[in-house]
file run_39.txt (compact mmCIF, C-alpha atoms)
# COMPACT_ATOMS: atom_id res chain seq x y z
CA MET V 1 13.49 -55.56 19.12
CA ALA V 2 14.09 -52.69 21.47
CA LYS V 3 11.34 -50.24 22.22
CA LYS V 4 11.38 -46.96 20.33
CA LEU V 5 11.02 -43.60 22.02
CA ILE V 6 8.30 -41.43 20.52
CA SER V 7 7.11 -37.93 21.28
CA VAL V 8 3.51 -37.07 20.37
CA GLN V 9 1.14 -34.21 21.08
CA VAL V 10 -2.27 -35.63 22.04
CA ASN V 11 -5.17 -33.24 22.68
CA GLY V 12 -2.66 -30.45 23.21
CA ARG V 13 -0.50 -32.35 25.72
CA ARG V 14 2.99 -33.58 24.95
CA HIS V 15 3.65 -37.25 25.73
CA GLU V 16 6.92 -39.12 25.51
CA ALA V 17 6.80 -42.88 25.65
CA ALA V 18 8.76 -45.96 24.74
CA VAL V 19 6.65 -48.17 22.48
CA GLU V 20 7.04 -51.58 20.94
CA ALA V 21 7.11 -51.23 17.16
CA ARG V 22 4.08 -53.48 16.79
CA THR V 23 1.88 -51.37 19.07
CA LEU V 24 -1.02 -49.95 17.12
CA LEU V 25 -1.95 -46.31 17.62
CA VAL V 26 -5.35 -47.23 19.05
CA HIS V 27 -3.76 -49.43 21.73
CA PHE V 28 -1.22 -46.74 22.55
CA LEU V 29 -4.03 -44.21 23.05
CA ARG V 30 -6.22 -46.53 25.10
CA GLU V 31 -3.68 -48.43 27.18
CA GLU V 32 -0.63 -46.19 27.44
CA LEU V 33 -2.41 -42.83 27.65
CA GLN V 34 -5.65 -44.22 29.19
CA LEU V 35 -7.70 -42.37 26.56
CA THR V 36 -10.38 -45.01 26.14
CA GLY V 37 -12.79 -42.80 24.19
CA THR V 38 -11.33 -44.11 20.94
CA HIS V 39 -13.03 -47.46 20.35
CA ILE V 40 -11.76 -50.66 18.80
CA GLY V 41 -14.35 -52.05 16.41
CA CYS V 42 -13.54 -54.27 13.45
CA GLU V 43 -9.72 -53.98 13.77
CA THR V 44 -9.40 -54.26 9.99
CA SER V 45 -9.94 -50.61 8.94
CA HIS V 46 -13.54 -51.07 7.80
CA CYS V 47 -15.75 -49.69 10.57
CA GLY V 48 -14.17 -46.34 11.48
CA ALA V 49 -14.88 -46.58 15.25
CA CYS V 50 -11.18 -45.92 15.94
CA THR V 51 -10.99 -42.76 13.78
CA VAL V 52 -8.78 -40.00 15.18
CA ASP V 53 -7.31 -36.82 13.72
CA LEU V 54 -3.61 -37.20 12.89
CA ASP V 55 -1.75 -34.12 11.66
CA GLY V 56 -4.95 -32.68 10.25
CA ARG V 57 -6.27 -35.79 8.54
CA SER V 58 -8.75 -38.47 9.61
CA VAL V 59 -7.13 -41.88 10.02
CA LYS V 60 -8.16 -45.23 11.39
CA SER V 61 -5.95 -45.74 14.43
CA CYS V 62 -6.28 -49.55 14.32
CA THR V 63 -4.30 -49.58 11.08
CA HIS V 64 -1.48 -47.27 12.03
CA LEU V 65 1.54 -47.99 14.21
CA ALA V 66 2.18 -45.77 17.21
CA VAL V 67 5.87 -45.67 16.30
CA GLN V 68 4.95 -43.97 13.02
CA CYS V 69 3.47 -41.02 14.94
CA ASP V 70 6.73 -39.65 16.36
CA GLY V 71 6.48 -35.86 16.12
CA SER V 72 2.78 -35.91 15.23
CA GLU V 73 -0.23 -34.05 16.60
CA ILE V 74 -3.25 -36.18 17.44
CA LEU V 75 -6.76 -35.20 18.43
CA THR V 76 -9.08 -37.78 20.00
CA VAL V 77 -12.71 -37.50 21.10
CA GLU V 78 -11.52 -36.50 24.58
CA GLY V 79 -10.04 -33.35 23.06
CA LEU V 80 -13.22 -32.09 21.39
CA ALA V 81 -14.99 -30.40 24.32
CA VAL V 82 -13.30 -27.30 25.69
CA LYS V 83 -13.70 -26.75 29.46
CA GLY V 84 -16.86 -28.83 29.52
CA ALA V 85 -18.50 -27.01 26.61
CA LEU V 86 -19.48 -29.51 23.93
CA HIS V 87 -18.01 -29.09 20.47
CA ALA V 88 -20.58 -28.35 17.75
CA VAL V 89 -20.36 -31.92 16.41
CA GLN V 90 -21.04 -33.33 19.89
CA GLU V 91 -23.97 -30.98 20.33
CA GLY V 92 -25.28 -32.01 16.90
CA PHE V 93 -25.23 -35.73 17.73
CA TYR V 94 -26.89 -34.98 21.10
CA GLN V 95 -29.62 -32.72 19.71
CA GLU V 96 -30.43 -34.81 16.65
CA HIS V 97 -30.20 -38.23 18.32
CA GLY V 98 -27.29 -39.24 16.10
CA LEU V 99 -26.63 -42.34 18.20
CA GLN V 100 -28.30 -45.19 19.98
CA CYS V 101 -25.76 -47.61 21.49
CA GLY V 102 -22.94 -45.08 21.06
CA PHE V 103 -20.18 -47.48 20.10
CA CYS V 104 -19.46 -45.86 16.73
CA THR V 105 -19.93 -42.32 18.07
CA PRO V 106 -16.31 -41.36 18.95
CA GLY V 107 -15.24 -42.26 15.43
CA MET V 108 -18.26 -40.52 13.93
CA LEU V 109 -17.51 -37.36 15.91
CA MET V 110 -13.85 -37.30 14.93
CA ARG V 111 -14.64 -37.85 11.26
CA ALA V 112 -17.42 -35.20 11.34
CA TYR V 113 -14.98 -32.79 13.02
CA ARG V 114 -12.47 -33.10 10.17
CA PHE V 115 -15.07 -33.43 7.40
CA LEU V 116 -16.67 -30.10 8.33
CA GLN V 117 -13.31 -28.39 8.04
CA GLU V 118 -12.84 -29.92 4.61
CA ASN V 119 -16.40 -28.98 3.60
CA PRO V 120 -18.08 -26.41 5.89
CA ASP V 121 -21.35 -26.25 3.90
CA PRO V 122 -22.07 -29.80 2.74
CA SER V 123 -25.14 -31.30 1.06
CA ASP V 124 -26.69 -34.39 2.65
CA GLU V 125 -25.15 -36.45 -0.15
CA GLU V 126 -21.70 -35.01 0.54
CA ILE V 127 -22.10 -35.86 4.22
CA ARG V 128 -22.95 -39.47 3.32
CA MET V 129 -19.85 -39.72 1.12
CA GLY V 130 -17.64 -37.86 3.59
CA MET V 131 -18.75 -40.11 6.46
CA SER V 132 -18.73 -43.30 4.41
CA GLY V 133 -15.74 -44.74 6.26
CA ASN V 134 -17.78 -44.96 9.49
CA LEU V 135 -20.33 -47.68 10.09
CA CYS V 136 -23.32 -47.43 12.45
CA ARG V 137 -25.56 -50.43 13.05
CA CYS V 138 -28.23 -48.60 15.07
CA THR V 139 -29.38 -45.35 13.56
CA GLY V 140 -29.81 -46.06 9.87
CA TYR V 141 -27.68 -42.92 9.38
CA GLN V 142 -30.62 -40.48 8.95
CA ASN V 143 -30.01 -38.81 12.28
CA ILE V 144 -26.26 -38.85 11.77
CA VAL V 145 -26.71 -36.79 8.61
CA LYS V 146 -28.99 -34.43 10.55
CA ALA V 147 -26.44 -34.23 13.36
CA VAL V 148 -23.65 -33.26 10.98
CA GLN V 149 -25.91 -30.65 9.33
CA HIS V 150 -26.73 -29.27 12.79
CA ALA V 151 -23.02 -28.98 13.57
CA ALA V 152 -22.29 -27.43 10.18
CA ARG V 153 -24.92 -24.73 10.75
CA LYS V 154 -23.64 -24.02 14.23
CA MET V 155 -20.01 -23.83 13.08
CA ARG V 156 -20.91 -21.47 10.22
CA GLU V 157 -22.88 -19.22 12.59
CA THR V 158 -20.05 -19.14 15.09
CA ALA V 159 -17.51 -18.43 12.36
CA THR V 160 -19.42 -15.35 11.17
CA VAL V 161 -19.89 -13.84 14.64
CA MET A 1 -5.28 -58.04 17.09
CA ILE A 2 -1.65 -57.08 17.32
CA PRO A 3 1.00 -58.07 14.75
CA ALA A 4 3.84 -60.44 15.67
CA ARG A 5 7.08 -58.77 16.74
CA PHE A 6 9.33 -57.18 14.14
CA ASP A 7 12.22 -54.75 13.92
CA TYR A 8 11.14 -51.36 12.65
CA HIS A 9 13.21 -49.27 10.25
CA GLN A 10 12.47 -45.73 9.14
CA PRO A 11 14.80 -44.83 6.27
CA ARG A 12 14.93 -41.21 5.06
CA SER A 13 16.06 -41.95 1.51
CA VAL A 14 15.36 -44.55 -1.16
CA GLY A 15 19.03 -45.56 -1.08
CA GLU A 16 18.82 -46.26 2.63
CA ALA A 17 15.60 -48.25 2.15
CA VAL A 18 17.11 -50.33 -0.67
CA ALA A 19 20.17 -51.08 1.48
CA LEU A 20 17.85 -52.39 4.24
CA LEU A 21 16.00 -54.59 1.73
CA GLN A 22 19.33 -55.93 0.46
CA ARG A 23 20.47 -56.70 3.98
CA TYR A 24 17.30 -58.45 5.16
CA GLY A 25 16.03 -60.04 1.92
CA THR A 26 12.93 -62.19 2.38
CA GLU A 27 12.73 -61.25 6.07
CA ALA A 28 11.79 -57.67 5.17
CA LYS A 29 8.58 -56.05 3.96
CA VAL A 30 8.09 -52.48 2.79
CA LEU A 31 5.40 -50.54 4.67
CA ALA A 32 3.59 -47.95 2.52
CA GLY A 33 0.06 -46.91 3.58
CA GLY A 34 -0.30 -50.15 5.50
CA HIS A 35 -3.95 -50.82 4.71
CA SER A 36 -3.19 -54.17 3.13
CA LEU A 37 0.00 -55.12 4.97
CA LEU A 38 -0.97 -54.25 8.55
CA PRO A 39 -4.24 -56.25 8.46
CA MET A 40 -2.29 -59.16 6.92
CA MET A 41 0.27 -58.91 9.73
CA LYS A 42 -2.45 -58.86 12.38
CA LEU A 43 -3.99 -61.99 10.88
CA ARG A 44 -0.52 -63.63 10.63
CA PHE A 45 -0.83 -63.94 6.84
CA ALA A 46 2.42 -61.96 6.82
CA GLN A 47 5.09 -62.08 9.54
CA PRO A 48 8.06 -59.99 8.40
CA GLN A 49 11.02 -59.88 10.78
CA HIS A 50 11.88 -56.42 9.50
CA LEU A 51 9.46 -53.67 8.53
CA VAL A 52 10.91 -50.95 6.31
CA ASP A 53 8.60 -47.94 6.67
CA ILE A 54 9.06 -45.63 3.66
CA ASN A 55 6.55 -43.00 4.84
CA ARG A 56 9.28 -40.54 5.84
CA ILE A 57 10.94 -40.47 2.43
CA ASP A 58 9.62 -37.12 1.22
CA ALA A 59 11.05 -37.59 -2.28
CA LEU A 60 8.46 -40.35 -2.88
CA ARG A 61 5.46 -38.02 -2.54
CA GLY A 62 4.01 -35.52 -4.96
CA ILE A 63 2.76 -35.07 -8.51
CA ARG A 64 4.51 -33.05 -11.20
CA LEU A 65 4.45 -32.50 -14.93
CA GLU A 66 7.73 -33.16 -16.79
CA ALA A 67 7.27 -32.09 -20.43
CA ASP A 68 4.39 -34.35 -21.57
CA THR A 69 4.68 -36.85 -18.73
CA VAL A 70 2.88 -36.73 -15.40
CA VAL A 71 5.16 -38.12 -12.68
CA ILE A 72 3.50 -39.41 -9.53
CA GLY A 73 5.57 -40.28 -6.48
CA ALA A 74 4.76 -43.82 -5.37
CA MET A 75 3.89 -42.71 -1.81
CA THR A 76 1.27 -40.20 -2.95
CA VAL A 77 -1.97 -41.02 -1.12
CA GLU A 78 -5.34 -41.49 -2.84
CA ASN A 79 -6.84 -38.25 -1.49
CA ASP A 80 -3.89 -36.30 -2.90
CA LEU A 81 -4.53 -37.85 -6.33
CA ILE A 82 -8.17 -36.72 -6.09
CA ASP A 83 -7.17 -33.18 -5.07
CA SER A 84 -4.32 -32.80 -7.59
CA ALA A 85 -4.83 -29.91 -10.03
CA VAL A 86 -2.17 -31.46 -12.31
CA LEU A 87 -4.07 -34.75 -12.52
CA GLN A 88 -7.47 -33.08 -12.88
CA ARG A 89 -6.07 -31.24 -15.91
CA GLU A 90 -3.70 -33.77 -17.48
CA VAL A 91 -4.93 -37.28 -16.50
CA PRO A 92 -8.44 -36.69 -15.10
CA LEU A 93 -9.14 -40.44 -14.87
CA LEU A 94 -6.60 -40.67 -12.04
CA ALA A 95 -8.20 -37.79 -10.11
CA GLU A 96 -11.68 -39.29 -10.48
CA ALA A 97 -11.32 -43.06 -10.08
CA PRO A 98 -9.72 -43.04 -6.59
CA LYS A 99 -13.03 -41.69 -5.23
CA LEU A 100 -14.26 -45.26 -5.75
CA ILE A 101 -11.41 -46.75 -3.71
CA ALA A 102 -11.96 -47.56 -0.01
CA ASP A 103 -13.24 -44.64 2.13
CA PRO A 104 -12.06 -41.14 3.13
CA GLN A 105 -9.89 -42.26 6.07
CA VAL A 106 -8.24 -45.10 4.13
CA ARG A 107 -7.61 -42.73 1.20
CA ASN A 108 -5.58 -40.56 3.59
CA ARG A 109 -3.14 -43.45 4.09
CA GLY A 110 -3.41 -45.73 1.05
CA THR A 111 -0.87 -44.91 -1.67
CA ILE A 112 -0.88 -45.40 -5.44
CA GLY A 113 2.46 -47.22 -5.21
CA GLY A 114 1.29 -49.58 -2.50
CA ASP A 115 -1.88 -50.36 -4.45
CA LEU A 116 0.21 -51.26 -7.51
CA ALA A 117 3.13 -53.04 -5.84
CA HIS A 118 0.89 -55.27 -3.71
CA GLY A 119 -0.24 -57.10 -6.86
CA ASP A 120 -3.76 -57.75 -5.58
CA PRO A 121 -6.13 -58.27 -8.55
CA GLY A 122 -8.85 -56.53 -6.50
CA ASN A 123 -6.89 -53.28 -6.41
CA ASP A 124 -8.01 -50.58 -8.81
CA HIS A 125 -4.78 -48.88 -9.87
CA PRO A 126 -3.42 -51.74 -11.99
CA ALA A 127 -6.23 -51.49 -14.58
CA LEU A 128 -6.06 -47.69 -14.44
CA ALA A 129 -2.30 -47.83 -15.09
CA LEU A 130 -2.85 -50.18 -18.04
CA VAL A 131 -5.29 -47.85 -19.79
CA CYS A 132 -3.07 -44.82 -19.12
CA ASP A 133 0.00 -46.51 -20.71
CA ALA A 134 1.86 -45.99 -17.43
CA HIS A 135 5.45 -46.94 -16.76
CA PHE A 136 6.72 -47.80 -13.31
CA VAL A 137 10.18 -46.74 -12.14
CA LEU A 138 11.76 -49.31 -9.83
CA GLU A 139 14.89 -48.54 -7.83
CA GLY A 140 17.26 -51.22 -6.57
CA PRO A 141 20.95 -51.64 -5.73
CA ALA A 142 21.93 -51.37 -9.41
CA GLY A 143 19.96 -48.17 -9.93
CA ARG A 144 16.65 -47.48 -11.63
CA ARG A 145 14.77 -49.34 -14.33
CA SER A 146 11.44 -48.68 -16.01
CA VAL A 147 8.78 -51.34 -16.53
CA ALA A 148 5.62 -50.88 -18.62
CA ALA A 149 2.39 -51.46 -16.68
CA GLY A 150 1.49 -54.20 -19.15
CA GLU A 151 4.56 -56.21 -18.13
CA PHE A 152 4.54 -55.56 -14.39
CA PHE A 153 1.77 -57.80 -13.05
CA LEU A 154 2.63 -61.50 -13.05
CA GLY A 155 0.01 -63.14 -10.84
CA ILE A 156 -1.79 -62.87 -7.51
CA LEU A 157 0.48 -60.80 -5.22
CA THR A 158 3.33 -61.28 -7.72
CA THR A 159 4.92 -58.52 -9.78
CA GLN A 160 8.19 -57.68 -11.53
CA LEU A 161 9.40 -55.97 -8.35
CA ALA A 162 12.51 -57.73 -7.01
CA GLU A 163 13.00 -58.30 -3.28
CA ASP A 164 15.49 -55.45 -3.04
CA GLU A 165 13.61 -52.99 -5.25
CA ILE A 166 11.18 -50.21 -4.41
CA LEU A 167 8.56 -48.73 -6.72
CA VAL A 168 9.46 -45.03 -6.71
CA GLU A 169 7.52 -43.35 -9.52
CA ILE A 170 4.56 -43.84 -11.81
CA ARG A 171 5.01 -42.05 -15.16
CA ILE A 172 1.99 -41.39 -17.36
CA PRO A 173 1.75 -39.54 -20.68
CA ARG A 174 -0.63 -36.59 -20.31
CA PHE A 175 -3.96 -37.13 -22.08
CA ALA A 176 -4.06 -35.68 -25.59
CA PRO A 177 -6.70 -32.97 -26.10
CA GLY A 178 -10.17 -34.46 -26.54
CA THR A 179 -9.44 -37.70 -24.68
CA GLY A 180 -12.45 -39.35 -23.04
CA TRP A 181 -12.19 -41.58 -19.99
CA ALA A 182 -14.29 -43.62 -17.57
CA TYR A 183 -13.94 -46.07 -14.72
CA GLU A 184 -17.03 -48.13 -13.97
CA LYS A 185 -16.77 -50.15 -10.78
CA LEU A 186 -19.59 -52.35 -9.55
CA LYS A 187 -19.33 -52.82 -5.78
CA ARG A 188 -21.69 -53.84 -3.04
CA LYS A 189 -20.85 -51.01 -0.66
CA THR A 190 -18.35 -48.30 0.19
CA GLY A 191 -14.89 -49.71 0.66
CA ASP A 192 -15.55 -52.92 -1.21
CA TRP A 193 -13.38 -54.32 -3.94
CA ALA A 194 -14.92 -54.49 -7.40
CA THR A 195 -17.36 -57.24 -8.27
CA ALA A 196 -16.31 -56.16 -11.76
CA GLY A 197 -14.48 -53.02 -12.88
CA CYS A 198 -13.74 -51.56 -16.31
CA ALA A 199 -11.48 -48.62 -17.20
CA VAL A 200 -11.56 -46.99 -20.63
CA VAL A 201 -9.43 -44.29 -22.26
CA MET A 202 -10.57 -43.23 -25.72
CA ARG A 203 -10.04 -40.67 -28.44
CA ARG A 204 -12.34 -40.00 -31.37
CA GLU A 205 -11.47 -39.22 -34.94
CA GLY A 206 -14.72 -37.81 -36.23
CA ASP A 207 -17.35 -40.50 -35.70
CA ARG A 208 -14.80 -43.26 -35.23
CA ILE A 209 -12.71 -44.45 -32.35
CA GLY A 210 -9.08 -43.51 -33.06
CA HIS A 211 -7.45 -44.62 -29.79
CA LEU A 212 -8.75 -47.07 -27.24
CA ARG A 213 -7.54 -48.78 -24.08
CA ILE A 214 -9.72 -51.15 -22.03
CA GLY A 215 -8.62 -52.40 -18.61
CA LEU A 216 -10.41 -54.83 -16.28
CA THR A 217 -10.31 -54.98 -12.47
CA ASN A 218 -10.79 -58.11 -10.33
CA LEU A 219 -11.82 -60.32 -13.23
CA ALA A 220 -8.72 -62.54 -13.41
CA PRO A 221 -5.61 -63.28 -11.29
CA VAL A 222 -4.16 -60.00 -12.63
CA ALA A 223 -5.62 -56.81 -14.06
CA LEU A 224 -6.28 -57.39 -17.76
CA ARG A 225 -5.99 -55.26 -20.83
CA ALA A 226 -8.72 -56.38 -23.28
CA GLU A 227 -6.76 -56.01 -26.50
CA LYS A 228 -9.07 -58.07 -28.69
CA ALA A 229 -12.05 -55.93 -27.73
CA GLU A 230 -9.96 -52.82 -28.44
CA THR A 231 -9.13 -54.09 -31.93
CA LEU A 232 -12.79 -54.87 -32.65
CA LEU A 233 -13.84 -51.33 -31.78
CA LEU A 234 -10.97 -49.30 -33.27
CA GLY A 235 -11.82 -47.50 -36.49
CA GLY A 236 -15.58 -47.66 -35.96
CA ASP A 237 -18.30 -46.22 -33.76
CA LEU A 238 -20.23 -47.70 -30.83
CA GLY A 239 -22.99 -49.23 -32.97
CA SER A 240 -24.71 -52.05 -31.15
CA ALA A 241 -23.33 -54.93 -33.26
CA ARG A 242 -19.75 -53.70 -32.78
CA LEU A 243 -20.32 -52.97 -29.11
CA GLU A 244 -21.77 -56.42 -28.43
CA SER A 245 -18.90 -58.15 -30.21
CA ALA A 246 -16.50 -56.25 -27.94
CA VAL A 247 -18.57 -57.23 -24.89
CA GLU A 248 -18.26 -60.87 -25.94
CA ALA A 249 -14.51 -60.48 -26.41
CA VAL A 250 -14.15 -58.99 -22.93
CA MET A 251 -16.27 -61.69 -21.33
CA ALA A 252 -14.17 -64.34 -23.08
CA VAL A 253 -10.95 -63.19 -21.34
CA CYS A 254 -12.47 -62.96 -17.84
CA ASP A 255 -11.46 -65.62 -15.33
CA PRO A 256 -12.78 -64.31 -12.02
CA ALA A 257 -12.60 -66.13 -8.70
CA GLU A 258 -15.92 -67.00 -7.12
CA ASP A 259 -16.45 -65.30 -3.76
CA LEU A 260 -19.18 -63.55 -1.75
CA ARG A 261 -19.50 -60.96 -4.52
CA GLY A 262 -20.76 -63.60 -6.93
CA ASP A 263 -19.90 -66.63 -9.01
CA ALA A 264 -17.79 -66.54 -12.15
CA GLU A 265 -20.78 -66.36 -14.50
CA TYR A 266 -22.28 -63.35 -12.72
CA LYS A 267 -18.98 -61.47 -12.50
CA THR A 268 -18.26 -62.13 -16.16
CA ALA A 269 -21.69 -60.83 -17.16
CA MET A 270 -21.09 -57.73 -15.03
CA ALA A 271 -17.73 -57.21 -16.74
CA GLY A 272 -19.66 -56.92 -20.02
CA GLU A 273 -22.05 -54.42 -18.48
CA MET A 274 -19.24 -52.34 -16.98
CA LEU A 275 -17.63 -52.26 -20.44
CA ARG A 276 -20.85 -50.99 -22.06
CA ARG A 277 -21.17 -48.24 -19.46
CA ALA A 278 -17.50 -47.25 -19.57
CA LEU A 279 -17.45 -47.07 -23.38
CA HIS A 280 -20.57 -44.88 -23.55
CA HIS A 281 -19.32 -42.69 -20.71
CA ALA A 282 -15.88 -42.21 -22.28
CA TRP A 283 -17.36 -41.63 -25.76
CA ALA A 284 -19.60 -38.86 -24.42
CA ARG A 285 -16.59 -37.18 -22.85
CA CYS A 286 -14.47 -37.19 -26.03
CA ALA A 287 -14.19 -33.73 -27.52
call {"tool": "encode", "arguments": {"input": "run_39.txt", "output": "C-alpha cells"}}
result
Amino acid sequence: MAKKLISVQVNGRRHEAAVEARTLLVHFLREELQLTGTHIGCETSHCGACTVDLDGRSVKSCTHLAVQCDGSEILTVEGLAVKGALHAVQEGFYQEHGLQCGFCTPGMLMRAYRFLQENPDPSDEEIRMGMSGNLCRCTGYQNIVKAVQHAARKMRETATV
Amino acid sequence: MIPARFDYHQPRSVGEAVALLQRYGTEAKVLAGGHSLLPMMKLRFAQPQHLVDINRIDALRGIRLEADTVVIGAMTVENDLIDSAVLQREVPLLAEAPKLIADPQVRNRGTIGGDLAHGDPGNDHPALALVCDAHFVLEGPAGRRSVAAGEFFLGILTTQLAEDEILVEIRIPRFAPGTGWAYEKLKRKTGDWATAGCAVVMRREGDRIGHLRIGLTNLAPVALRAEKAETLLLGGDLGSARLESAVEAVMAVCDPAEDLRGDAEYKTAMAGEMLRRALHHAWARCA
C-alpha cells in the first residue's frame, strides 16, 4: 500500500506530494498543505462545510480522495481574496451578515463562488436551491440569500465596467 | 473519519477494470462517484482491500442518441443528466428527476450507474429506469450482456451484477411523441431519500390511457413496478373510481421499512398520494 505521487494546482500554486490512497481531499488540504480554511463538518457529505472548487465544479472534499485529484485544479477559500481585496462573495457575507459562528462560511463562500458563475443573475429561490447542499445552523439562511444577491450584483456591475 | 487502508487502482479502460475485478474478486470494490461507498468505508461498513476507481475511463461518460435509443454512459453524473439537451428532448423524465436527488455538490460526483449498481432501495434511478423500460449493459470477462431493468434488482444492495462485471451503459428507448411523465418524491429536506416516491410514464389515446408504467421508490426492499395498478388504469381515464382502485393496488404491493421518515402505514399511504399526484401530472403533460 505504497503512497501515490500526485501533482495538484491549489489556489494557483503547484504542489507535488506523496499521499496514502485513503487520505481524503479535505485532510490533504488541511494537514498536508496547512490550508485550514476548509472545514470538516459532518464528514458524510451532508453539510457542505468542506466544499471546494475542483476543476470548475463544487465538490464536498470530505467525500473525495486526494489521490483522485492528480492533475486537477483546486480553489479553496484561501484563494478567493486577491492581494487582500475581498472577493465579491466574501464582501457580500460581510456586508449582509451572512454568518454568525462562521463554521459553515468557507463552504458557503466556495459554493456561492461557483453558483454565481453558473447563474450570474439568480432569483432568491434559485439561490436557495443552488446553495441547498450547504447547511447553516445560525442564520436561518435569510442573510445568506441576501449575501449571495449582494455578490451577484457586485459581480454583474464589475463585469460590465 | 478516514477509511481503512486499501490498494488504489485507476484503470483507463473497462477491460483493464474488469481484469482487476477478476484478479481481486471479493476483495475489490468499484469506486464511481463515491457518495455511497466512501461514507460506508469511513464507517467500516465496507472495507475493500482493493479500490478500483473507474472515474478516469472516459468511455463511460456521456449521453448520445443511437437511432431510437438514448445511450447513457454509466459514469455520467447527475448534473450532466439535468443539463443534457438529448435527455431534455428525448427522455425528459431523466433530465428532470435528478434535481430531486441529493444536492448540487453531490450531483457533481454521483453517477447514474453508481446509483443503479449500488442496489439501494432508497436510490431514485431504479424506479426511473423501470418506467423508462431501460436496459443495462454489463461488461465482464466474457464480454457484454444486456439485462432489463425489471430483472436487475434482486434485493437490498443485491443486483444481477457479477463480482467481475461493470455496469457500462444504460439504454432507454426515446419517448414517443406525446408521452407524459412525472416523478413525485416526498422527502423531509434537501438531500434526503424518499419517504415515498412514484414515477409515471404515460401516453394517451384520446381520452384513454394507452401506455402506462408506474415505478415506486423506497417502498420495498427493491424498486417496484406496480403492474396491477397499470392494468387497472390502461384503456380508461383517470376517473376517481379507477384512480382509487389503482391507489389501493399500489398500496397493496408496498412493503416499506420503518425508519425516521415514518412507519410502514404512513409510508404506504404516502405511496398512494404520490401515485395520485404523478398520474395527474403525467396526464396533464400528455399531448
call {"tool": "interface_residues", "arguments": {"input": "run_39.txt", "of": "chain V", "to": "chain A", "cutoff": "6 Å", "atoms": "only C-alpha atoms", "output": "list in words"}}
result
Met1, Arg22, Thr44, Ser58, Val59 and Gly133 of chain V
call {"tool": "closest_residue", "arguments": {"input": "run_39.txt", "among": "V:Gly79, V:Val148, V:Gln90, V:Leu135", "to": "Leu116 (chain V)", "atoms": "all atoms listed in the file"}}
result
V:Val148
call {"tool": "residues_around", "arguments": {"input": "run_39.txt", "residues": "Glu16 (chain V)", "least_positions_apart": "5", "cutoff": "12 Å", "atoms": "all atoms listed in the file", "output": "list in words"}}
result
Lys4, Leu5, Ile6, Ser7, Val8, Gln9, Val10, Phe28, Glu32, Leu33, Ala66, Val67, Cys69, Asp70, Gly71 and Ser72 of chain V
call {"tool": "atom_distance", "arguments": {"input": "run_39.txt", "atom1": "CA of Ala127 (chain A)", "atom2": "CA of Glu78 (chain A)"}}
result
15.4 Å
call {"tool": "residues_around", "arguments": {"input": "run_39.txt", "residues": "Val77 (chain V)", "least_positions_apart": "5", "cutoff": "7 Å", "atoms": "only C-alpha atoms", "output": "VMD selection string"}}
result
chain V and resid 37 to 38 106 110
call {"tool": "closest_residue", "arguments": {"input": "run_39.txt", "among": "V:Arg30, V:Arg57, V:His46, V:Arg111", "to": "Glu73 (chain V)", "atoms": "only C-alpha atoms"}}
result
V:Arg57
call {"tool": "residues_around", "arguments": {"input": "run_39.txt", "residues": "region 118-124 of chain V", "least_positions_apart": "6", "cutoff": "9 Å", "atoms": "only C-alpha atoms", "output": "VMD selection string"}}
result
chain V and resid 130 145 to 146 148 to 149 152 to 153 155 to 156
call {"tool": "residues_around", "arguments": {"input": "run_39.txt", "residues": "region 149-151 of chain A", "least_positions_apart": "5", "cutoff": "7 Å", "atoms": "all atoms listed in the file", "output": "PyMOL selection string"}}
result
chain A and resi 129-130+133-136
call {"tool": "closest_residue", "arguments": {"input": "run_39.txt", "among": "A:Ile101, A:Ile63, A:Ile166, A:Val91", "to": "Glu16 (chain A)", "atoms": "all atoms listed in the file"}}
result
A:Ile166
call {"tool": "residues_around", "arguments": {"input": "run_39.txt", "residues": "Phe175 (chain A)", "least_positions_apart": "2", "cutoff": "7 Å", "atoms": "only C-alpha atoms", "output": "PyMOL selection string"}}
result
chain A and resi 90-91+173+177+179
call {"tool": "residues_near_point", "arguments": {"input": "run_39.txt", "point": "(-6.9, -50.5, -11.0)", "cutoff": "9 Å", "atoms": "all atoms listed in the file", "output": "mmCIF file with C-alpha atoms, in the frame of the given file"}}
result
data_model
loop_
_atom_site.group_PDB
_atom_site.id
_atom_site.type_symbol
_atom_site.label_atom_id
_atom_site.label_comp_id
_atom_site.auth_asym_id
_atom_site.auth_seq_id
_atom_site.Cartn_x
_atom_site.Cartn_y
_atom_site.Cartn_z
ATOM 1 C CA ALA A 97 -11.320 -43.060 -10.080
ATOM 2 C CA ASP A 115 -1.880 -50.360 -4.450
ATOM 3 C CA LEU A 116 0.210 -51.260 -7.510
ATOM 4 C CA PRO A 121 -6.130 -58.270 -8.550
ATOM 5 C CA GLY A 122 -8.850 -56.530 -6.500
ATOM 6 C CA ASN A 123 -6.890 -53.280 -6.410
ATOM 7 C CA ASP A 124 -8.010 -50.580 -8.810
ATOM 8 C CA HIS A 125 -4.780 -48.880 -9.870
ATOM 9 C CA PRO A 126 -3.420 -51.740 -11.990
ATOM 10 C CA ALA A 127 -6.230 -51.490 -14.580
ATOM 11 C CA LEU A 128 -6.060 -47.690 -14.440
ATOM 12 C CA ALA A 129 -2.300 -47.830 -15.090
ATOM 13 C CA LEU A 130 -2.850 -50.180 -18.040
ATOM 14 C CA GLY A 197 -14.480 -53.020 -12.880
ATOM 15 C CA CYS A 198 -13.740 -51.560 -16.310
ATOM 16 C CA ALA A 199 -11.480 -48.620 -17.200
ATOM 17 C CA GLY A 215 -8.620 -52.400 -18.610
ATOM 18 C CA LEU A 216 -10.410 -54.830 -16.280
ATOM 19 C CA THR A 217 -10.310 -54.980 -12.470
ATOM 20 C CA ASN A 218 -10.790 -58.110 -10.330
ATOM 21 C CA ALA A 223 -5.620 -56.810 -14.060
#
call {"tool": "closest_residue", "arguments": {"input": "run_39.txt", "among": "A:Pro48, A:Gly210, A:Gly155, A:Gly113", "to": "Arg61 (chain A)", "atoms": "all atoms listed in the file"}}
result
A:Gly113
call {"tool": "atom_distance", "arguments": {"input": "run_39.txt", "atom1": "CA of Ile170 (chain A)", "atom2": "CA of Cys62 (chain V)"}}
result
28.9 Å
call {"tool": "closest_residue", "arguments": {"input": "run_39.txt", "among": "A:Thr26, A:Glu244, A:Ile82, A:Ala17", "to": "Gly140 (chain A)", "atoms": "all atoms listed in the file"}}
result
A:Ala17
call {"tool": "atom_distance", "arguments": {"input": "run_39.txt", "atom1": "CA of Gly25 (chain A)", "atom2": "CA of Ala59 (chain A)"}}
result
23.4 Å
